[in-house]
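One file, upload-v4.txt, carrying compact mmCIF, C-alpha atoms and all ligand atoms:
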```txt
# COMPACT_ATOMS: atom_id res chain seq x y z
CA MET A 21 -177.55 -17.39 -134.83
CA ARG A 22 -176.30 -19.46 -131.90
CA LYS A 23 -177.63 -23.02 -131.77
CA ILE A 24 -180.90 -23.07 -129.81
CA GLN A 25 -180.88 -25.20 -126.67
CA MET A 26 -183.90 -26.29 -124.62
CA VAL A 27 -181.80 -25.41 -121.55
CA ASP A 28 -178.43 -23.70 -122.04
CA LEU A 29 -176.41 -24.87 -119.05
CA LYS A 30 -173.11 -24.34 -120.84
CA GLY A 31 -173.83 -20.71 -121.72
CA GLN A 32 -174.80 -20.02 -118.12
CA TYR A 33 -171.69 -21.78 -116.78
CA GLU A 34 -169.37 -19.71 -118.96
CA LYS A 35 -170.53 -16.54 -117.18
CA ILE A 36 -169.74 -17.91 -113.71
CA LYS A 37 -166.91 -20.26 -114.68
CA GLU A 38 -164.15 -18.65 -112.65
CA ARG A 39 -166.05 -18.69 -109.38
CA VAL A 40 -167.50 -22.15 -109.93
CA ASP A 41 -164.14 -23.68 -110.85
CA SER A 42 -162.30 -22.18 -107.88
CA SER A 43 -165.07 -23.11 -105.44
CA ILE A 44 -165.12 -26.71 -106.64
CA LEU A 45 -161.34 -26.88 -106.40
CA GLU A 46 -161.46 -25.58 -102.84
CA VAL A 47 -163.85 -28.35 -101.85
CA VAL A 48 -161.61 -30.94 -103.46
CA GLU A 49 -158.59 -29.53 -101.66
CA SER A 50 -160.43 -29.45 -98.33
CA SER A 51 -161.64 -33.04 -98.86
CA ALA A 52 -164.79 -32.21 -96.86
CA PHE A 53 -166.96 -33.91 -99.45
CA ILE A 54 -169.96 -34.82 -97.30
CA ASN A 55 -171.62 -32.48 -94.79
CA GLY A 56 -168.76 -30.04 -95.14
CA PRO A 57 -168.96 -26.35 -94.26
CA GLU A 58 -170.21 -25.50 -97.77
CA VAL A 59 -173.41 -27.48 -97.19
CA HIS A 60 -174.06 -25.69 -93.93
CA LYS A 61 -173.38 -22.27 -95.47
CA PHE A 62 -175.68 -22.99 -98.39
CA GLN A 63 -178.40 -24.11 -96.00
CA LYS A 64 -178.20 -20.81 -94.07
CA GLU A 65 -178.13 -18.73 -97.26
CA LEU A 66 -181.17 -20.51 -98.67
CA GLU A 67 -183.05 -20.09 -95.35
CA GLU A 68 -182.40 -16.38 -95.58
CA TYR A 69 -183.34 -16.14 -99.26
CA LEU A 70 -186.64 -17.99 -98.80
CA GLY A 71 -187.48 -16.44 -95.45
CA VAL A 72 -188.00 -19.88 -93.95
CA LYS A 73 -186.76 -21.09 -90.56
CA HIS A 74 -185.34 -24.43 -91.65
CA VAL A 75 -183.78 -25.75 -94.83
CA ILE A 76 -182.73 -29.40 -94.76
CA PRO A 77 -180.60 -30.26 -97.81
CA CYS A 78 -180.94 -33.75 -99.25
CA ALA A 79 -179.96 -35.83 -102.29
CA ASN A 80 -182.66 -34.92 -104.83
CA GLY A 81 -186.17 -33.55 -105.20
CA THR A 82 -187.84 -36.95 -105.19
CA ASP A 83 -186.20 -37.87 -101.88
CA ALA A 84 -187.22 -34.47 -100.54
CA LEU A 85 -190.89 -35.22 -101.20
CA GLN A 86 -190.64 -38.69 -99.71
CA ILE A 87 -188.89 -37.39 -96.60
CA CYS A 88 -191.56 -34.69 -96.13
CA MET A 89 -194.20 -37.42 -96.04
CA MET A 90 -192.14 -39.60 -93.68
CA GLY A 91 -191.53 -36.61 -91.42
CA LEU A 92 -195.23 -35.88 -91.15
CA GLY A 93 -195.78 -39.46 -90.00
CA LEU A 94 -198.18 -40.36 -92.82
CA LYS A 95 -199.20 -44.03 -92.59
CA PRO A 96 -200.27 -46.67 -95.12
CA GLY A 97 -203.90 -46.12 -96.03
CA ASP A 98 -203.69 -42.35 -95.61
CA GLU A 99 -204.90 -40.55 -98.71
CA VAL A 100 -202.77 -37.83 -100.30
CA ILE A 101 -204.30 -35.57 -102.93
CA THR A 102 -202.14 -34.28 -105.78
CA ALA A 103 -202.43 -33.12 -109.38
CA ASP A 104 -202.96 -35.49 -112.31
CA PHE A 105 -200.86 -33.22 -114.52
CA THR A 106 -197.32 -33.13 -113.14
CA PHE A 107 -194.04 -35.02 -113.14
CA ALA A 108 -194.44 -38.55 -111.77
CA ALA A 109 -192.10 -38.06 -108.77
CA THR A 110 -194.95 -36.60 -106.76
CA VAL A 111 -197.27 -39.59 -107.06
CA GLU A 112 -194.37 -42.07 -107.02
CA VAL A 113 -193.30 -41.33 -103.47
CA ILE A 114 -196.89 -41.37 -102.22
CA ALA A 115 -197.28 -44.88 -103.64
CA LEU A 116 -193.83 -45.99 -102.48
CA LEU A 117 -194.69 -45.21 -98.87
CA GLY A 118 -197.89 -47.27 -99.12
CA LEU A 119 -200.02 -44.14 -98.93
CA THR A 120 -202.96 -43.84 -101.29
CA PRO A 121 -202.48 -41.29 -104.08
CA VAL A 122 -205.64 -39.43 -105.05
CA LEU A 123 -205.10 -37.67 -108.36
CA VAL A 124 -207.31 -34.73 -109.26
CA ASP A 125 -207.79 -32.53 -112.31
CA VAL A 126 -206.10 -29.18 -112.93
CA ASP A 127 -207.06 -25.67 -114.04
CA PRO A 128 -207.03 -25.28 -117.84
CA LEU A 129 -205.57 -21.77 -117.74
CA ASN A 130 -202.75 -22.05 -115.23
CA PHE A 131 -202.12 -25.83 -115.28
CA ASN A 132 -202.18 -25.97 -111.45
CA ILE A 133 -204.26 -28.20 -109.19
CA ASP A 134 -207.98 -27.36 -109.26
CA VAL A 135 -209.24 -26.36 -105.81
CA GLU A 136 -212.82 -27.47 -106.53
CA ALA A 137 -211.48 -30.88 -107.55
CA ILE A 138 -209.53 -31.10 -104.28
CA LYS A 139 -212.74 -30.34 -102.36
CA ARG A 140 -214.57 -33.17 -104.12
CA ALA A 141 -211.73 -35.61 -103.40
CA ILE A 142 -211.48 -35.06 -99.63
CA THR A 143 -212.61 -38.05 -97.54
CA PRO A 144 -212.19 -38.93 -93.83
CA LYS A 145 -208.95 -40.72 -94.84
CA THR A 146 -207.37 -37.67 -96.51
CA LYS A 147 -204.26 -36.54 -94.64
CA ALA A 148 -202.39 -34.25 -97.01
CA ILE A 149 -202.51 -32.16 -100.17
CA VAL A 150 -199.46 -31.81 -102.43
CA PRO A 151 -199.78 -28.76 -104.68
CA VAL A 152 -197.09 -28.52 -107.37
CA HIS A 153 -196.13 -25.01 -108.51
CA LEU A 154 -196.17 -26.30 -112.05
CA PHE A 155 -193.92 -24.70 -114.67
CA GLY A 156 -192.98 -22.07 -112.07
CA LEU A 157 -196.39 -20.57 -111.36
CA PRO A 158 -197.59 -20.66 -107.74
CA ALA A 159 -200.64 -22.85 -107.08
CA PRO A 160 -203.65 -21.13 -105.42
CA MET A 161 -202.17 -21.38 -101.92
CA ASP A 162 -204.72 -19.18 -100.07
CA GLU A 163 -207.53 -21.52 -101.05
CA ILE A 164 -205.46 -24.66 -100.46
CA MET A 165 -204.29 -23.56 -97.00
CA ALA A 166 -207.88 -22.63 -96.04
CA LEU A 167 -209.15 -26.04 -97.15
CA ALA A 168 -206.34 -27.75 -95.26
CA GLU A 169 -207.16 -25.87 -92.09
CA GLU A 170 -210.86 -26.65 -92.39
CA HIS A 171 -210.20 -30.39 -92.83
CA ASP A 172 -207.08 -30.67 -90.65
CA LEU A 173 -204.77 -31.67 -93.52
CA TYR A 174 -201.08 -31.13 -94.13
CA VAL A 175 -199.91 -29.16 -97.14
CA ILE A 176 -196.65 -30.27 -98.78
CA GLU A 177 -195.53 -27.88 -101.52
CA ASP A 178 -193.67 -29.48 -104.40
CA ASN A 179 -191.57 -26.46 -105.31
CA ALA A 180 -189.19 -28.27 -107.68
CA GLN A 181 -190.27 -25.98 -110.56
CA GLY A 182 -191.07 -22.86 -108.57
CA ILE A 183 -187.98 -21.83 -106.65
CA GLY A 184 -187.71 -18.06 -106.42
CA ALA A 185 -191.40 -17.44 -107.12
CA THR A 186 -193.33 -15.16 -104.80
CA TYR A 187 -196.93 -15.79 -103.86
CA THR A 188 -199.10 -12.83 -102.94
CA SER A 189 -201.95 -13.70 -100.60
CA LYS A 190 -205.33 -11.99 -100.77
CA ASP A 191 -204.30 -9.88 -97.74
CA GLY A 192 -201.22 -8.66 -99.61
CA THR A 193 -198.66 -10.77 -97.73
CA LYS A 194 -195.87 -11.97 -99.98
CA THR A 195 -194.26 -15.35 -99.28
CA MET A 196 -191.81 -17.34 -101.34
CA THR A 197 -193.20 -20.60 -102.62
CA GLY A 198 -192.01 -23.58 -100.63
CA ALA A 199 -192.34 -21.61 -97.38
CA ILE A 200 -196.15 -21.41 -97.34
CA GLY A 201 -197.31 -24.96 -96.56
CA HIS A 202 -196.44 -27.04 -93.48
CA VAL A 203 -193.45 -28.31 -95.39
CA GLY A 204 -192.04 -27.83 -98.88
CA SER A 205 -189.51 -29.48 -101.14
CA THR A 206 -187.38 -28.61 -104.12
CA SER A 207 -184.95 -30.14 -106.59
CA PHE A 208 -181.58 -28.81 -107.72
CA PHE A 209 -181.50 -31.03 -110.82
CA PRO A 210 -179.28 -29.18 -113.34
CA SER A 211 -182.13 -27.94 -115.55
CA LYS A 212 -184.23 -26.54 -112.68
CA ASN A 213 -184.24 -22.77 -112.09
CA LEU A 214 -181.62 -23.23 -109.37
CA GLY A 215 -179.69 -26.24 -110.62
CA CYS A 216 -176.47 -27.78 -109.38
CA TYR A 217 -174.03 -29.91 -111.41
CA GLY A 218 -175.45 -33.26 -110.41
CA ASP A 219 -178.33 -34.24 -108.14
CA GLY A 220 -179.54 -32.26 -105.16
CA GLY A 221 -182.66 -31.30 -103.26
CA ALA A 222 -183.94 -29.63 -100.12
CA ILE A 223 -186.83 -29.56 -97.67
CA PHE A 224 -188.23 -26.36 -96.12
CA THR A 225 -190.30 -25.83 -92.99
CA ASN A 226 -191.04 -23.25 -90.32
CA ASP A 227 -191.91 -26.00 -87.82
CA ASP A 228 -189.03 -26.65 -85.37
CA ASP A 229 -190.21 -30.12 -84.33
CA LEU A 230 -190.77 -31.25 -87.90
CA ALA A 231 -187.33 -29.91 -88.91
CA HIS A 232 -185.75 -31.91 -86.08
CA THR A 233 -187.59 -35.09 -87.10
CA ILE A 234 -186.55 -34.62 -90.75
CA ARG A 235 -182.88 -33.96 -89.90
CA GLY A 236 -182.84 -37.41 -88.30
CA ILE A 237 -184.70 -39.09 -91.15
CA VAL A 238 -182.23 -37.91 -93.79
CA ASN A 239 -179.43 -39.40 -91.71
CA HIS A 240 -180.55 -43.03 -91.15
CA GLY A 241 -183.01 -42.05 -88.42
CA MET A 242 -180.17 -40.98 -86.11
CA TYR A 243 -180.54 -38.14 -83.62
CA VAL A 244 -177.61 -39.38 -81.54
CA ARG A 245 -174.79 -41.11 -83.40
CA TYR A 246 -175.50 -44.85 -83.82
CA HIS A 247 -178.87 -44.56 -82.09
CA HIS A 248 -181.51 -45.24 -84.72
CA ASP A 249 -184.81 -43.97 -83.32
CA VAL A 250 -186.86 -44.07 -86.51
CA VAL A 251 -186.52 -45.75 -89.89
CA GLY A 252 -184.67 -43.23 -91.99
CA VAL A 253 -182.91 -42.95 -95.33
CA ASN A 254 -179.51 -41.81 -96.53
CA SER A 255 -180.10 -38.62 -98.41
CA ARG A 256 -177.58 -35.81 -98.47
CA LEU A 257 -176.40 -32.95 -100.63
CA ASP A 258 -172.67 -33.21 -101.24
CA SER A 259 -170.28 -30.31 -100.73
CA ILE A 260 -169.41 -29.93 -104.43
CA GLN A 261 -173.09 -29.44 -105.28
CA ALA A 262 -173.51 -27.08 -102.34
CA THR A 263 -170.61 -24.91 -103.45
CA VAL A 264 -172.02 -24.64 -107.00
CA LEU A 265 -175.39 -23.69 -105.52
CA ARG A 266 -173.72 -21.03 -103.36
CA VAL A 267 -172.30 -19.42 -106.50
CA LYS A 268 -175.66 -19.56 -108.27
CA LEU A 269 -178.09 -18.60 -105.47
CA PRO A 270 -177.20 -14.86 -105.53
CA ASN A 271 -178.01 -14.92 -109.28
CA LEU A 272 -181.35 -16.71 -108.92
CA ASP A 273 -183.50 -13.57 -109.04
CA ASP A 274 -181.66 -12.39 -112.15
CA TYR A 275 -181.97 -15.83 -113.72
CA ASN A 276 -185.72 -15.80 -113.08
CA LYS A 277 -185.93 -12.27 -114.43
CA SER A 278 -184.28 -13.36 -117.70
CA ARG A 279 -186.79 -16.18 -117.95
CA ARG A 280 -189.67 -13.76 -117.41
CA GLU A 281 -188.26 -11.44 -120.03
CA ALA A 282 -188.04 -14.26 -122.56
CA ALA A 283 -191.62 -15.26 -121.67
CA LYS A 284 -192.76 -11.69 -122.17
CA LYS A 285 -191.25 -11.63 -125.67
CA TYR A 286 -192.85 -14.97 -126.50
CA ASN A 287 -196.25 -13.78 -125.25
CA LYS A 288 -196.00 -10.57 -127.25
CA ALA A 289 -195.15 -12.42 -130.46
CA PHE A 290 -198.07 -14.83 -130.02
CA THR A 291 -200.65 -12.12 -129.26
CA GLY A 292 -203.57 -12.38 -131.66
CA ILE A 293 -202.74 -15.88 -132.93
CA THR A 294 -206.11 -17.46 -132.23
CA ASN A 295 -205.08 -21.11 -132.09
CA ILE A 296 -202.35 -20.50 -129.53
CA ILE A 297 -203.13 -20.07 -125.85
CA THR A 298 -200.19 -18.44 -124.05
CA PRO A 299 -199.54 -19.24 -120.39
CA SER A 300 -201.58 -17.13 -118.01
CA GLY A 301 -200.99 -16.26 -114.41
CA PRO A 302 -202.74 -15.01 -111.34
CA CYS A 303 -202.25 -11.30 -112.01
CA GLU A 304 -205.43 -9.29 -112.35
CA ASP A 305 -204.88 -8.66 -116.02
CA ALA A 306 -204.13 -12.37 -116.47
CA ASN A 307 -200.68 -11.39 -117.66
CA PRO A 308 -198.04 -13.48 -115.95
CA VAL A 309 -195.20 -11.28 -117.09
CA CYS A 310 -196.19 -7.86 -115.82
CA ASP A 311 -193.35 -5.64 -114.66
CA THR A 312 -194.33 -5.47 -111.01
CA CYS A 313 -195.04 -9.14 -110.48
CA ASP A 314 -192.53 -11.85 -109.67
CA CYS A 315 -195.10 -14.56 -109.30
CA HIS A 316 -194.14 -16.74 -112.26
CA VAL A 317 -190.57 -18.00 -112.65
CA PHE A 318 -191.13 -19.85 -115.93
CA HIS A 319 -189.43 -23.14 -115.30
CA GLN A 320 -191.20 -23.96 -118.55
CA TYR A 321 -192.87 -21.74 -121.11
CA THR A 322 -195.83 -23.86 -122.13
CA LEU A 323 -198.32 -23.10 -124.89
CA ARG A 324 -201.58 -24.82 -125.73
CA VAL A 325 -202.06 -25.21 -129.49
CA GLN A 326 -205.56 -25.85 -130.78
CA ASN A 327 -206.94 -26.98 -134.14
CA CYS A 328 -203.41 -27.96 -135.01
CA ASP A 329 -201.50 -31.24 -134.91
CA ARG A 330 -199.28 -30.69 -131.87
CA ASP A 331 -197.06 -33.70 -132.61
CA ALA A 332 -196.50 -32.49 -136.18
CA LEU A 333 -195.50 -29.10 -134.75
CA VAL A 334 -192.95 -30.82 -132.49
CA THR A 335 -191.47 -32.65 -135.49
CA HIS A 336 -191.41 -29.45 -137.56
CA LEU A 337 -189.65 -27.46 -134.83
CA ASN A 338 -187.08 -30.20 -134.34
CA GLU A 339 -186.41 -30.24 -138.09
CA GLN A 340 -185.81 -26.48 -137.93
CA GLY A 341 -183.26 -26.96 -135.13
CA ILE A 342 -185.64 -25.82 -132.39
CA PRO A 343 -185.77 -28.19 -129.45
CA CYS A 344 -189.08 -28.37 -127.58
CA GLY A 345 -190.76 -30.61 -125.04
CA VAL A 346 -194.15 -32.06 -124.23
CA TYR A 347 -194.65 -31.78 -120.49
CA TYR A 348 -196.55 -34.01 -119.94
CA PRO A 349 -197.74 -36.39 -122.65
CA ILE A 350 -199.72 -38.82 -120.46
CA PRO A 351 -201.93 -37.99 -117.46
CA LEU A 352 -200.72 -39.74 -114.31
CA HIS A 353 -204.09 -41.45 -113.78
CA LEU A 354 -203.56 -43.29 -117.09
CA GLN A 355 -200.00 -44.42 -116.30
CA LYS A 356 -199.74 -48.17 -115.79
CA ALA A 357 -198.19 -47.78 -112.36
CA TYR A 358 -200.85 -45.40 -111.04
CA LYS A 359 -204.09 -46.63 -112.60
CA ASP A 360 -206.91 -47.04 -110.12
CA GLU A 361 -210.42 -48.33 -110.66
CA ARG A 362 -211.82 -45.48 -108.61
CA TYR A 363 -210.84 -42.90 -111.22
CA LYS A 364 -213.56 -41.82 -113.64
CA GLU A 365 -212.45 -40.42 -117.00
CA GLU A 366 -214.97 -37.58 -116.82
CA ASP A 367 -213.17 -36.28 -113.72
CA PHE A 368 -210.01 -35.64 -115.77
CA GLY A 369 -211.40 -33.63 -118.68
CA VAL A 370 -208.77 -30.91 -118.40
CA THR A 371 -205.69 -33.10 -118.12
CA ASN A 372 -206.92 -35.35 -120.90
CA GLN A 373 -207.20 -32.27 -123.12
CA LEU A 374 -203.92 -30.65 -122.05
CA VAL A 375 -201.79 -33.69 -122.84
CA LYS A 376 -202.88 -33.32 -126.49
CA GLU A 377 -202.29 -29.55 -126.70
CA VAL A 378 -199.26 -28.58 -124.64
CA ILE A 379 -195.86 -27.76 -126.02
CA SER A 380 -192.99 -26.21 -124.08
CA LEU A 381 -190.60 -23.95 -125.97
CA PRO A 382 -186.92 -23.39 -125.16
CA MET A 383 -186.70 -21.55 -121.82
CA HIS A 384 -183.51 -20.64 -120.02
CA THR A 385 -181.41 -17.68 -118.95
CA GLU A 386 -179.42 -17.31 -122.17
CA LEU A 387 -182.08 -16.90 -124.89
CA ASP A 388 -181.39 -13.95 -127.21
CA ASP A 389 -183.78 -11.90 -129.34
CA GLU A 390 -182.68 -13.48 -132.60
CA GLN A 391 -183.41 -16.95 -131.24
CA ILE A 392 -186.79 -15.91 -129.82
CA GLU A 393 -187.76 -14.28 -133.11
CA PHE A 394 -186.80 -17.43 -135.05
CA ILE A 395 -188.70 -19.69 -132.64
CA THR A 396 -191.87 -17.60 -132.57
CA SER A 397 -191.99 -17.04 -136.34
CA THR A 398 -191.45 -20.75 -137.00
CA VAL A 399 -194.28 -21.67 -134.59
CA ILE A 400 -196.62 -19.02 -136.00
CA ASN A 401 -195.96 -20.01 -139.62
CA PHE A 402 -196.78 -23.61 -138.81
CA VAL A 403 -199.95 -23.09 -136.77
CA THR A 404 -201.43 -20.52 -139.18
CA SER A 405 -200.72 -22.41 -142.39
C1 LIG B 1 -187.86 -32.38 -111.08
C2 LIG B 1 -189.08 -32.61 -110.27
C3 LIG B 1 -189.10 -33.47 -109.16
C4 LIG B 1 -187.97 -34.40 -108.83
O1 LIG B 1 -186.74 -33.87 -108.65
P1 LIG B 1 -185.42 -34.79 -108.78
O2 LIG B 1 -184.36 -33.95 -108.17
O3 LIG B 1 -185.22 -35.07 -110.22
O4 LIG B 1 -185.66 -36.03 -107.98
C5 LIG B 1 -190.25 -33.55 -108.39
N1 LIG B 1 -191.34 -32.83 -108.71
C6 LIG B 1 -191.40 -32.04 -109.78
C7 LIG B 1 -192.64 -31.28 -110.07
C8 LIG B 1 -190.27 -31.89 -110.60
O5 LIG B 1 -190.33 -31.09 -111.67
```

Just give me the structure as structure tokens.
Ligand SMILES: *Cc1c(COP(=O)(O)O)cnc(C)c1O
Amino acid sequence: MRKIQMVDLKGQYEKIKERVDSSILEVVESSAFINGPEVHKFQKELEEYLGVKHVIPCANGTDALQICMMGLGLKPGDEVITADFTFAATVEVIALLGLTPVLVDVDPLNFNIDVEAIKRAITPKTKAIVPVHLFGLPAPMDEIMALAEEHDLYVIEDNAQGIGATYTSKDGTKTMTGAIGHVGSTSFFPSKNLGCYGDGGAIFTNDDDLAHTIRGIVNHGMYVRYHHDVVGVNSRLDSIQATVLRVKLPNLDDYNKSRREAAKKYNKAFTGITNIITPSGPCEDANPVCDTCDCHVFHQYTLRVQNCDRDALVTHLNEQGIPCGVYYPIPLHLQKAYKDERYKEEDFGVTNQLVKEVISLPMHTELDDEQIEFITSTVINFVTS
């Protein structure tokens, strides 16, 4: 059996090596390292893929979130609601800009932000909601957009884990995640579903004025060379990353399909194991890996294990040569940097429980049946013994 990787970037690279190597070499030979034609071409191709009017590439997914908030003109004191159970980048940029993060609990079945908890957290100071399409499953965008409209709030989608996922609205409209809210962001960190070979990120919007504002912000607040109209940042995607992304973008749907297929095999193997809760999705049959649905892109395949020592399972899997991860081990509201007296423990019942139960198994585009069979049987043997 091939060695099991949490994310097999090397195996994926080997399949596209020729095109990647020649594209990188072309950039080097052209010496157009920054804002070269490759960046522009990638931007256009991603706009087309997502069905969004504007893509603004930038340096990473954290910058992308920060720039979204700067572009919307959010001001110190404004409250921004986001999920307690996510990667810290989301809350970090809110705090960095002097905005007030308001963390809320999540849904125990799909790990995404809980709409009822958002409702309870809205105050006259609330200006924006940041749903995160966690682990690759779209957040309940119909409900979130309706709430935002009712209370005149912006919606910023953190699509770092969801690129390529499709959200189906109640009226049947299908939209790619990241293109639903007023503005969206993503990360091209190597292990993300669409990863480059370094750092990268992008911002998406259908709003022409906002796109214009953001294009200036990413470039030192300049709209005319050496005229700095607003305080900006320096955040750009370089041409080498863009050219790698151009090779990989046409494969993204296939990559996500391989992830779904691996998830389907995992789910099947774990069926009937009562102390394992497999990830569920928004499909009617609560099966996130149905054949007709491309709603879940499985950035992570995350189980909840109950009546079982999760940390001992992690150790056991590692001893067996199976890498795994705990995303996330500490709720954001309990992190030193983001503690706030206003938070009440009873408002975070779900996150507090999830951090003890979750375990993410290897998930990438190169998993084979032998590896999946070894991983699932090792997990099952441990949790049922
Ligand atoms: C990875 C990630 C980010 C940050 O992306 P970087 O490119 O690493 O800055 C933000 N939000 C979420 C949910 C992520 O998973």

Rows by chain and residue number, chain A within 9 Å of ligand LIG 1 (chain B), shortest pair, all atoms listed in the file, as a tab-separated table:
```
residue	atom	partner	partner_atom	distance
A:Ala79	CA	B:LIG1	O2	7.6
A:Asn80	CA	B:LIG1	O2	3.9
A:Gly81	CA	B:LIG1	O2	3.5
A:Thr82	CA	B:LIG1	O4	3.7
A:Asp83	CA	B:LIG1	O4	6.4
A:Ala84	CA	B:LIG1	O4	7.8
A:Leu85	CA	B:LIG1	C5	7.4
A:Thr106	CA	B:LIG1	C7	5.9
A:Phe107	CA	B:LIG1	C7	5.0
A:Ala108	CA	B:LIG1	N1	7.2
A:Ala109	CA	B:LIG1	C5	4.9
A:Thr110	CA	B:LIG1	N1	5.6
A:Val152	CA	B:LIG1	C7	5.9
A:His153	CA	B:LIG1	C7	7.3
A:Leu154	CA	B:LIG1	C7	6.4
A:Phe155	CA	B:LIG1	O5	7.9
A:Asp178	CA	B:LIG1	N1	5.9
A:Asn179	CA	B:LIG1	C7	6.9
A:Ala180	CA	B:LIG1	C8	4.8
A:Gln181	CA	B:LIG1	O5	5.2
A:Gly182	CA	B:LIG1	C7	8.7
A:Ser205	CA	B:LIG1	C5	8.3
A:Thr206	CA	B:LIG1	O1	7.0
A:Ser207	CA	B:LIG1	O2	4.2
A:Phe208	CA	B:LIG1	O2	5.9
A:Phe209	CA	B:LIG1	O2	4.9
A:Pro210	CA	B:LIG1	O2	8.7
A:Ser211	CA	B:LIG1	C1	8.5
A:Lys212	CA	B:LIG1	C1	7.1
A:Asp219	CA	B:LIG1	O2	6.0
A:Gly220	CA	B:LIG1	O2	5.9
A:Gly221	CA	B:LIG1	O2	5.8
A:His319	CA	B:LIG1	O5	8.8
```

Protein, DNA and RNA residues within 12 Å of (-192.0, -27.7, -87.6), all atoms listed in the file, as number ranges by chain: A: 72-76, 88, 91-92, 174, 199, 201-204, 223-235

Using all atoms of stretch 114-131 of chain A listed in the file and a margin of 6 Å per side, can you give the axis-aligned box centre and edge lengths in Å to one decimal, as lines of an AutoDock Vina configuration file?
```
center_x = -200.8
center_y = -34.5
center_z = -108.4
size_x = 26.0
size_y = 37.5
size_z = 31.0
```

Just the residues within 9 Å of A:Thr371, please, counting only C-alpha atoms, with nothing from its chain fewer than 5 positions along; format it as a PDB file with C-alpha atoms, in the frame of the given file.
```pdb
ATOM      1  CA  ASP A 104    -202.960 -35.490-112.310  1.00  0.00           C
ATOM      2  CA  PHE A 105    -200.860 -33.220-114.520  1.00  0.00           C
ATOM      3  CA  ASP A 125    -207.790 -32.530-112.310  1.00  0.00           C
ATOM      4  CA  VAL A 126    -206.100 -29.180-112.930  1.00  0.00           C
ATOM      5  CA  ASP A 127    -207.060 -25.670-114.040  1.00  0.00           C
ATOM      6  CA  PRO A 128    -207.030 -25.280-117.840  1.00  0.00           C
ATOM      7  CA  PHE A 131    -202.120 -25.830-115.280  1.00  0.00           C
ATOM      8  CA  ILE A 350    -199.720 -38.820-120.460  1.00  0.00           C
ATOM      9  CA  PRO A 351    -201.930 -37.990-117.460  1.00  0.00           C
ATOM     10  CA  LYS A 376    -202.880 -33.320-126.490  1.00  0.00           C
TER      11      LYS A 376
END
```

Pairwise distance for atom CA of A:Ser189 and atom CA of A:Met161, rounded to one decimal in Å: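 Those two atoms sit 7.8 Å apart.
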
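In this comparison, which uses only C-alpha atoms, the residue of A:Val403, A:Val238, A:Leu323, A:Leu123 approaching A:Leu374 most closely is A:Leu323.
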
Proximity of stretch 129-206 of chain A to stretch 359-370 of chain A: per-residue shortest pair, 12 Å limit, only C-alpha atoms, as a Markdown table:
```
| residue | atom | partner | partner_atom | distance |
| --- | --- | --- | --- | --- |
| A:Leu129 | CA | A:Val370 | CA | 9.7 |
| A:Asn130 | CA | A:Val370 | CA | 11.2 |
| A:Phe131 | CA | A:Val370 | CA | 8.9 |
| A:Asn132 | CA | A:Val370 | CA | 10.8 |
| A:Ile133 | CA | A:Val370 | CA | 10.6 |
| A:Asp134 | CA | A:Val370 | CA | 9.8 |
| A:Glu136 | CA | A:Asp367 | CA | 11.4 |
| A:Ala137 | CA | A:Asp367 | CA | 8.4 |
| A:Ile138 | CA | A:Asp367 | CA | 11.4 |
| A:Arg140 | CA | A:Asp367 | CA | 10.2 |
| A:Ala141 | CA | A:Asp367 | CA | 10.4 |
```

Produce a table with one row for each residue of stretch 148-265 of chain A that has an atom at most 7 Å from any atom of stretch 24-48 of chain A, each row naming the nearest atom pair and its distance in Å at one decimal; use all atoms listed in the file; arrange rows by chain and rising residue number; format as CSV.
```
residue,atom,partner,partner_atom,distance
A:Ser211,CA,A:Val27,CA,6.5
A:Ser259,CA,A:Val47,CA,6.8
A:Ile260,CA,A:Ile44,CA,5.8
A:Thr263,CA,A:Ser43,CA,6.2
A:Val264,CA,A:Val40,CA,5.9
```

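Nearest residue to A:Ile297 among A:Met196, A:Val325, A:Ala282, A:Ile379 is A:Val325, counting only C-alpha atoms.
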
Surrounding residues of A:His248 excluding itself and chain neighbours under 6 positions, 10 Å, only C-alpha atoms, as a PyMOL selection string: chain A and resi 236-237+239-242
